[in-house]
>>> print(open('my_file-v7.tsv').read())   # TSV, C-alpha atoms
chain	number	residue	atom	x	y	z
A	1	MET	CA	-9.78	-64.92	-39.00
A	2	ILE	CA	-10.67	-66.75	-42.18
A	3	SER	CA	-13.54	-68.38	-40.34
A	4	ASP	CA	-14.79	-64.95	-39.16
A	5	LEU	CA	-14.66	-63.58	-42.70
A	6	SER	CA	-16.46	-66.63	-43.99
A	7	ASP	CA	-19.19	-66.23	-41.37
A	8	LYS	CA	-19.64	-62.56	-42.25
A	9	GLN	CA	-19.80	-63.33	-45.97
A	10	SER	CA	-22.32	-66.04	-45.26
A	11	GLN	CA	-24.44	-63.67	-43.17
A	12	ASN	CA	-24.27	-60.94	-45.81
A	13	SER	CA	-25.55	-63.34	-48.40
A	14	GLU	CA	-28.57	-64.27	-46.27
A	15	SER	CA	-31.86	-62.99	-47.57
A	16	ASP	CA	-33.75	-60.21	-45.83
A	17	ALA	CA	-36.23	-62.71	-44.37
A	18	ILE	CA	-33.52	-64.87	-42.86
A	19	GLN	CA	-31.54	-61.88	-41.64
A	20	ARG	CA	-34.66	-60.44	-39.99
A	21	ALA	CA	-35.31	-63.77	-38.29
A	22	ILE	CA	-31.73	-63.99	-37.01
A	23	GLU	CA	-32.00	-60.46	-35.60
A	24	TYR	CA	-35.32	-61.43	-34.01
A	25	GLY	CA	-33.61	-64.30	-32.23
A	26	VAL	CA	-34.76	-67.20	-34.38
A	27	ASP	CA	-32.30	-70.10	-34.41
A	28	ILE	CA	-31.94	-70.75	-38.13
A	29	SER	CA	-29.89	-73.89	-37.52
A	30	LEU	CA	-32.94	-75.43	-35.79
A	31	LEU	CA	-35.09	-74.67	-38.81
A	32	LYS	CA	-32.52	-76.20	-41.15
A	33	GLU	CA	-32.44	-79.33	-38.99
A	34	ASN	CA	-36.23	-79.55	-39.02
A	35	LEU	CA	-36.35	-79.18	-42.80
A	36	ARG	CA	-34.16	-82.28	-43.10
A	37	LEU	CA	-36.92	-84.30	-41.42
A	38	GLU	CA	-40.19	-85.58	-42.83
A	39	PRO	CA	-43.28	-83.66	-41.56
A	40	THR	CA	-44.32	-86.64	-39.40
A	41	GLU	CA	-40.91	-86.68	-37.71
A	42	ARG	CA	-41.13	-82.94	-37.09
A	43	MET	CA	-44.49	-83.44	-35.38
A	44	ARG	CA	-43.28	-86.45	-33.43
A	45	GLN	CA	-40.28	-84.50	-32.11
A	46	ALA	CA	-42.46	-81.52	-31.21
A	47	GLN	CA	-44.91	-83.77	-29.36
A	48	ALA	CA	-42.07	-85.38	-27.40
A	49	THR	CA	-40.70	-81.97	-26.42
A	50	LEU	CA	-44.19	-80.78	-25.51
A	51	ASP	CA	-44.80	-83.87	-23.37
A	52	SER	CA	-41.52	-83.22	-21.53
A	53	ALA	CA	-42.45	-79.56	-20.98
A	54	LEU	CA	-45.88	-80.52	-19.62
A	55	SER	CA	-44.36	-83.17	-17.35
A	56	PHE	CA	-41.83	-80.64	-16.05
A	57	ARG	CA	-44.59	-78.10	-15.41
A	58	ALA	CA	-46.63	-80.70	-13.52
A	59	GLN	CA	-43.61	-81.55	-11.35
A	60	VAL	CA	-43.00	-77.88	-10.55
A	61	GLU	CA	-46.67	-77.40	-9.64
A	62	SER	CA	-46.61	-80.51	-7.47
A	63	PHE	CA	-43.45	-79.29	-5.70
A	64	ARG	CA	-45.03	-75.87	-5.07
A	65	ALA	CA	-48.22	-77.45	-3.75
A	66	LYS	CA	-46.26	-79.62	-1.30
A	67	ARG	CA	-44.24	-76.63	-0.14
A	68	GLY	CA	-47.47	-74.74	0.44
B	1	MET	CA	-44.41	-97.15	-30.96
B	2	SER	CA	-47.53	-95.82	-29.22
B	3	GLN	CA	-49.55	-93.06	-30.87
B	4	THR	CA	-48.82	-89.49	-29.83
B	5	GLN	CA	-51.71	-87.16	-28.96
B	6	ILE	CA	-51.60	-85.33	-32.27
B	7	GLU	CA	-51.44	-88.65	-34.12
B	8	ARG	CA	-54.48	-89.97	-32.23
B	9	LEU	CA	-56.41	-86.79	-32.97
B	10	LEU	CA	-55.64	-87.01	-36.69
B	11	ASP	CA	-56.47	-90.71	-36.64
B	12	ILE	CA	-59.89	-90.05	-35.07
B	13	LEU	CA	-60.74	-87.30	-37.55
B	14	VAL	CA	-59.54	-89.26	-40.58
B	15	GLN	CA	-61.35	-92.45	-39.51
B	16	GLY	CA	-64.45	-90.34	-38.92
B	17	LYS	CA	-64.19	-89.00	-42.49
B	18	VAL	CA	-64.22	-85.43	-41.18
B	19	GLU	CA	-63.31	-82.70	-43.68
B	20	PHE	CA	-60.68	-80.58	-41.97
B	21	VAL	CA	-57.47	-78.65	-42.46
B	22	VAL	CA	-54.66	-78.55	-39.89
B	23	ILE	CA	-53.93	-74.89	-39.17
B	24	GLY	CA	-52.08	-72.92	-36.48
B	25	GLY	CA	-49.11	-74.20	-34.52
B	26	TRP	CA	-49.18	-77.82	-35.68
B	27	ALA	CA	-49.35	-76.69	-39.31
B	28	ALA	CA	-46.30	-74.51	-38.62
B	29	ILE	CA	-44.52	-77.47	-37.02
B	30	ALA	CA	-45.35	-79.67	-40.01
B	31	HIS	CA	-43.65	-77.03	-42.16
B	32	GLY	CA	-40.56	-77.00	-39.93
B	33	SER	CA	-41.27	-74.46	-37.18
B	34	ALA	CA	-39.37	-74.92	-33.93
B	35	TYR	CA	-42.05	-73.23	-31.81
B	36	LEU	CA	-44.15	-75.47	-29.58
B	37	THR	CA	-47.90	-75.24	-29.39
B	38	PHE	CA	-50.16	-76.29	-26.52
B	39	ASP	CA	-53.36	-76.56	-28.54
B	40	THR	CA	-54.38	-78.12	-31.82
B	41	ASP	CA	-56.20	-75.96	-34.34
B	42	PHE	CA	-58.37	-77.27	-37.14
B	43	CYS	CA	-60.57	-75.54	-39.68
B	44	TYR	CA	-63.62	-77.70	-40.41
B	45	SER	CA	-66.23	-77.74	-43.15
B	46	ARG	CA	-69.57	-76.30	-42.06
B	47	SER	CA	-71.65	-78.67	-44.19
B	48	SER	CA	-74.34	-80.46	-42.17
B	49	GLU	CA	-72.87	-83.85	-43.04
B	50	ASN	CA	-69.42	-82.79	-41.86
B	51	ILE	CA	-70.71	-81.29	-38.64
B	52	ARG	CA	-72.40	-84.63	-37.89
B	53	ARG	CA	-69.17	-86.48	-38.63
B	54	LEU	CA	-67.13	-84.05	-36.52
B	55	CYS	CA	-69.45	-84.44	-33.53
B	56	GLY	CA	-69.43	-88.21	-33.88
B	57	ALA	CA	-65.65	-88.38	-34.16
B	58	LEU	CA	-64.93	-86.14	-31.17
B	59	ASP	CA	-67.66	-87.56	-28.95
B	60	THR	CA	-65.34	-90.16	-27.44
B	61	LEU	CA	-62.92	-87.41	-26.39
B	62	HIS	CA	-65.48	-85.71	-24.10
B	63	PRO	CA	-65.11	-82.21	-25.57
B	64	TYR	CA	-66.01	-79.37	-23.22
B	65	LEU	CA	-65.69	-75.59	-23.46
B	66	ARG	CA	-62.26	-74.44	-22.37
B	67	GLY	CA	-62.07	-71.95	-19.53
B	68	VAL	CA	-65.69	-72.49	-18.53
B	69	GLU	CA	-66.73	-73.92	-15.16
B	70	LYS	CA	-67.51	-77.62	-15.20
B	71	GLY	CA	-71.02	-78.93	-14.91
B	72	LEU	CA	-72.74	-76.63	-17.39
B	73	PRO	CA	-75.20	-78.35	-19.74
B	74	PHE	CA	-72.82	-78.15	-22.70
B	75	ARG	CA	-73.02	-80.81	-25.35
B	76	PHE	CA	-70.79	-80.89	-28.37
B	77	ASP	CA	-73.54	-82.01	-30.73
B	78	PHE	CA	-74.95	-81.09	-34.13
B	79	LYS	CA	-77.22	-78.37	-32.77
B	80	THR	CA	-74.41	-76.71	-30.79
B	81	VAL	CA	-71.92	-76.75	-33.64
B	82	GLU	CA	-74.46	-75.67	-36.24
B	83	SER	CA	-75.47	-72.66	-34.18
B	84	GLY	CA	-71.86	-71.70	-33.42
B	85	LEU	CA	-68.76	-71.25	-35.55
B	86	ASN	CA	-65.50	-71.34	-33.64
B	87	PHE	CA	-65.02	-73.51	-30.56
B	88	THR	CA	-62.17	-73.62	-28.05
B	89	LEU	CA	-62.40	-76.99	-26.37
B	90	VAL	CA	-60.65	-79.10	-23.81
B	91	THR	CA	-60.69	-82.80	-24.68
B	92	ASP	CA	-59.18	-86.08	-23.50
B	93	LEU	CA	-56.42	-85.36	-26.03
B	94	GLY	CA	-55.69	-81.83	-24.90
B	95	ASP	CA	-56.90	-78.44	-26.04
B	96	VAL	CA	-58.53	-78.40	-29.46
B	97	ASP	CA	-59.66	-75.30	-31.34
B	98	LEU	CA	-62.19	-75.80	-34.12
B	99	LEU	CA	-62.60	-72.92	-36.51
B	100	GLY	CA	-65.32	-72.56	-39.11
B	101	GLU	CA	-63.52	-69.50	-40.47
B	102	VAL	CA	-59.92	-68.34	-40.33
B	103	ALA	CA	-59.00	-64.65	-40.12
B	104	GLY	CA	-57.34	-63.46	-43.32
B	105	LEU	CA	-58.37	-66.58	-45.23
B	106	GLY	CA	-62.12	-67.12	-44.84
B	107	SER	CA	-64.32	-70.16	-44.60
B	108	PHE	CA	-63.36	-73.82	-44.99
B	109	ASP	CA	-63.45	-73.85	-48.81
B	110	ARG	CA	-60.99	-70.98	-48.99
B	111	VAL	CA	-58.79	-72.56	-46.33
B	112	ALA	CA	-58.90	-75.90	-48.19
B	113	ASP	CA	-57.80	-74.08	-51.37
B	114	ASP	CA	-54.88	-72.70	-49.37
B	115	SER	CA	-53.87	-76.12	-48.07
B	116	GLU	CA	-51.65	-78.92	-49.29
B	117	LYS	CA	-51.95	-82.64	-48.75
B	118	MET	CA	-49.27	-84.08	-46.52
B	119	GLU	CA	-48.67	-87.59	-45.35
B	120	LEU	CA	-48.71	-87.36	-41.55
B	121	PHE	CA	-48.38	-90.55	-39.49
B	122	GLY	CA	-49.48	-92.50	-42.56
B	123	PHE	CA	-52.64	-90.43	-43.10
B	124	GLN	CA	-53.26	-88.10	-46.03
B	125	VAL	CA	-54.09	-84.85	-44.26
B	126	ARG	CA	-54.73	-81.31	-45.50
B	127	VAL	CA	-52.36	-78.78	-43.92
B	128	LEU	CA	-52.47	-75.03	-44.41
B	129	THR	CA	-49.64	-73.90	-46.71
B	130	LEU	CA	-46.81	-71.88	-45.24
B	131	GLU	CA	-47.80	-68.88	-47.37
B	132	ALA	CA	-51.39	-69.00	-46.09
B	133	LEU	CA	-50.19	-69.51	-42.52
B	134	ILE	CA	-48.19	-66.29	-42.83
B	135	ARG	CA	-51.23	-64.45	-44.24
B	136	ALA	CA	-53.43	-65.76	-41.42
B	137	LYS	CA	-50.92	-64.80	-38.71
B	138	ARG	CA	-50.58	-61.33	-40.21
B	139	ALA	CA	-54.37	-60.93	-40.37
B	140	ALA	CA	-54.89	-62.17	-36.81
B	141	GLY	CA	-52.47	-59.44	-35.73
B	142	ARG	CA	-52.16	-60.46	-32.08
B	143	PRO	CA	-48.67	-60.14	-30.57
B	144	LYS	CA	-48.29	-63.95	-30.41
B	145	ASP	CA	-49.20	-64.22	-34.11
B	146	LEU	CA	-46.87	-61.40	-35.15
B	147	ASN	CA	-44.06	-62.94	-33.06
B	148	ALA	CA	-44.30	-66.08	-35.19
B	149	LEU	CA	-43.86	-64.21	-38.49
B	150	PRO	CA	-40.05	-63.84	-38.62
B	151	GLU	CA	-39.60	-67.60	-38.18
B	152	LEU	CA	-42.31	-68.52	-40.71
B	153	GLU	CA	-40.94	-66.08	-43.30
B	154	ALA	CA	-37.44	-67.49	-42.79
B	155	LEU	CA	-38.83	-71.01	-43.26
B	156	LEU	CA	-40.47	-69.94	-46.50
B	157	GLU	CA	-37.16	-68.56	-47.74
B	158	LEU	CA	-35.27	-71.71	-46.72
B	159	LYS	CA	-37.86	-73.87	-48.51
B	160	LYS	CA	-37.55	-71.76	-51.67
B	161	ARG	CA	-33.79	-72.27	-51.58
B	162	GLN	CA	-34.23	-76.02	-51.06
B	163	SER	CA	-36.52	-76.28	-54.07
B	164	LYS	CA	-33.91	-74.55	-56.25
B	165	ILE	CA	-31.24	-77.12	-55.38
>>> encode(input="my_file-v7.tsv", output="structure tokens")
Amino acid sequence: MISDLSDKQSQNSESDAIQRAIEYGVDISLLKENLRLEPTERMRQAQATLDSALSFRAQVESFRAKRG
Amino acid sequence: MSQTQIERLLDILVQGKVEFVVIGGWAAIAHGSAYLTFDTDFCYSRSSENIRRLCGALDTLHPYLRGVEKGLPFRFDFKTVESGLNFTLVTDLGDVDLLGEVAGLGSFDRVADDSEKMELFGFQVRVLTLEALIRAKRAAGRPKDLNALPELEALLELKKRQSKI
């Protein structure tokens, strides 16, 4: 109960921009995590995730090609 | 640790003494965005000297027009770049977009004024500011640009709060 109230108070105190982003589906916790990193680390992480996504896509395409 | 693609691209441009600003998705990521981007966007200076440097730097990456059938007599050289403005390329290091002008901001000088120097992978690199990125996305007005706005505006607010602490 206290935790719920605390969450609501926290949300009410969010700025319009942050509230709009939350309603839009943006994960604010991800942004906060990213802001703790240096820009180079942010880019390195993004590149690693991108590489994984591209590798996954290539595997799916290869699987589809084999299946015909 | 081996160089990532974006690191190698920045390395090549910096070593080639190319005047450029990182814009688009990678600029957003440098500012903290969690969205991924599949291409790398740069705004480049249109001075003759810089166009020569740009062509020289990218030559080893075999740049070719993206989405165009292979085998056409396309050469990414001084004459081509001087007579064009914005290029969407496929290279050995992935898709690269080179813009001589950015919607909502203008030519390189204006974009450079709207950039900040960041240390990325040990290089001093100009990156479009978050405020200018928001202006550019708003001006571009495509659904994918407008979709990015709520996140970028939230980032701007979070950064303002951080700077107050």
>>> atom_distance(input="my_file-v7.tsv", atom1="atom CA of Ala65 of chain A", atom2="atom CA of Ala48 of chain A")
25.7 Å
>>> interface_residues(input="my_file-v7.tsv", of="chain B", to="chain A", cutoff="9 Å", atoms="only C-alpha atoms", output="PyMOL selection string")
chain B and resi 4-7+26+29-38+118-122+147+149-159
>>> atom_distance(input="my_file-v7.tsv", atom1="atom CA of Tyr64 of chain B", atom2="atom CA of Asn86 of chain B")
13.2 Å
>>> residues_near_point(input="my_file-v7.tsv", point="(-52.9, -67.6, -37.6)", cutoff="7 Å", atoms="all atoms listed in the file", output="ChimeraX atom specification")
/B:24,133,136-137,140,145
>>> atom_distance(input="my_file-v7.tsv", atom1="atom CA of Val96 of chain B", atom2="atom CA of Arg110 of chain B")
21.0 Å
>>> residues_near_point(input="my_file-v7.tsv", point="(-73.6, -84.2, -38.8)", cutoff="10 Å", atoms="only C-alpha atoms", output="number ranges by chain")
B: 18, 46-56, 77-79, 81-82
>>> closest_residue(input="my_file-v7.tsv", among="B:Phe74, B:Ser163, B:Val125, B:Cys43", to="Leu105 of chain B", atoms="all atoms listed in the file")
B:Cys43
>>> closest_residue(input="my_file-v7.tsv", among="B:Ala139, B:Leu72, B:Leu61, B:Ile23", to="Val90 of chain B", atoms="only C-alpha atoms")
B:Leu61
>>> residues_around(input="my_file-v7.tsv", residues="Ala112 of chain B", least_positions_apart="3", cutoff="12 Å", atoms="all atoms listed in the file", output="list of chain:residue names")
B:Glu19, B:Phe20, B:Val21, B:Val22, B:Ile23, B:Phe42, B:Cys43, B:Tyr44, B:Ser45, B:Gly100, B:Glu101, B:Val102, B:Leu105, B:Gly106, B:Ser107, B:Phe108, B:Asp109, B:Ser115, B:Glu116, B:Lys117, B:Val125, B:Arg126, B:Val127, B:Leu128, B:Thr129, B:Ala132
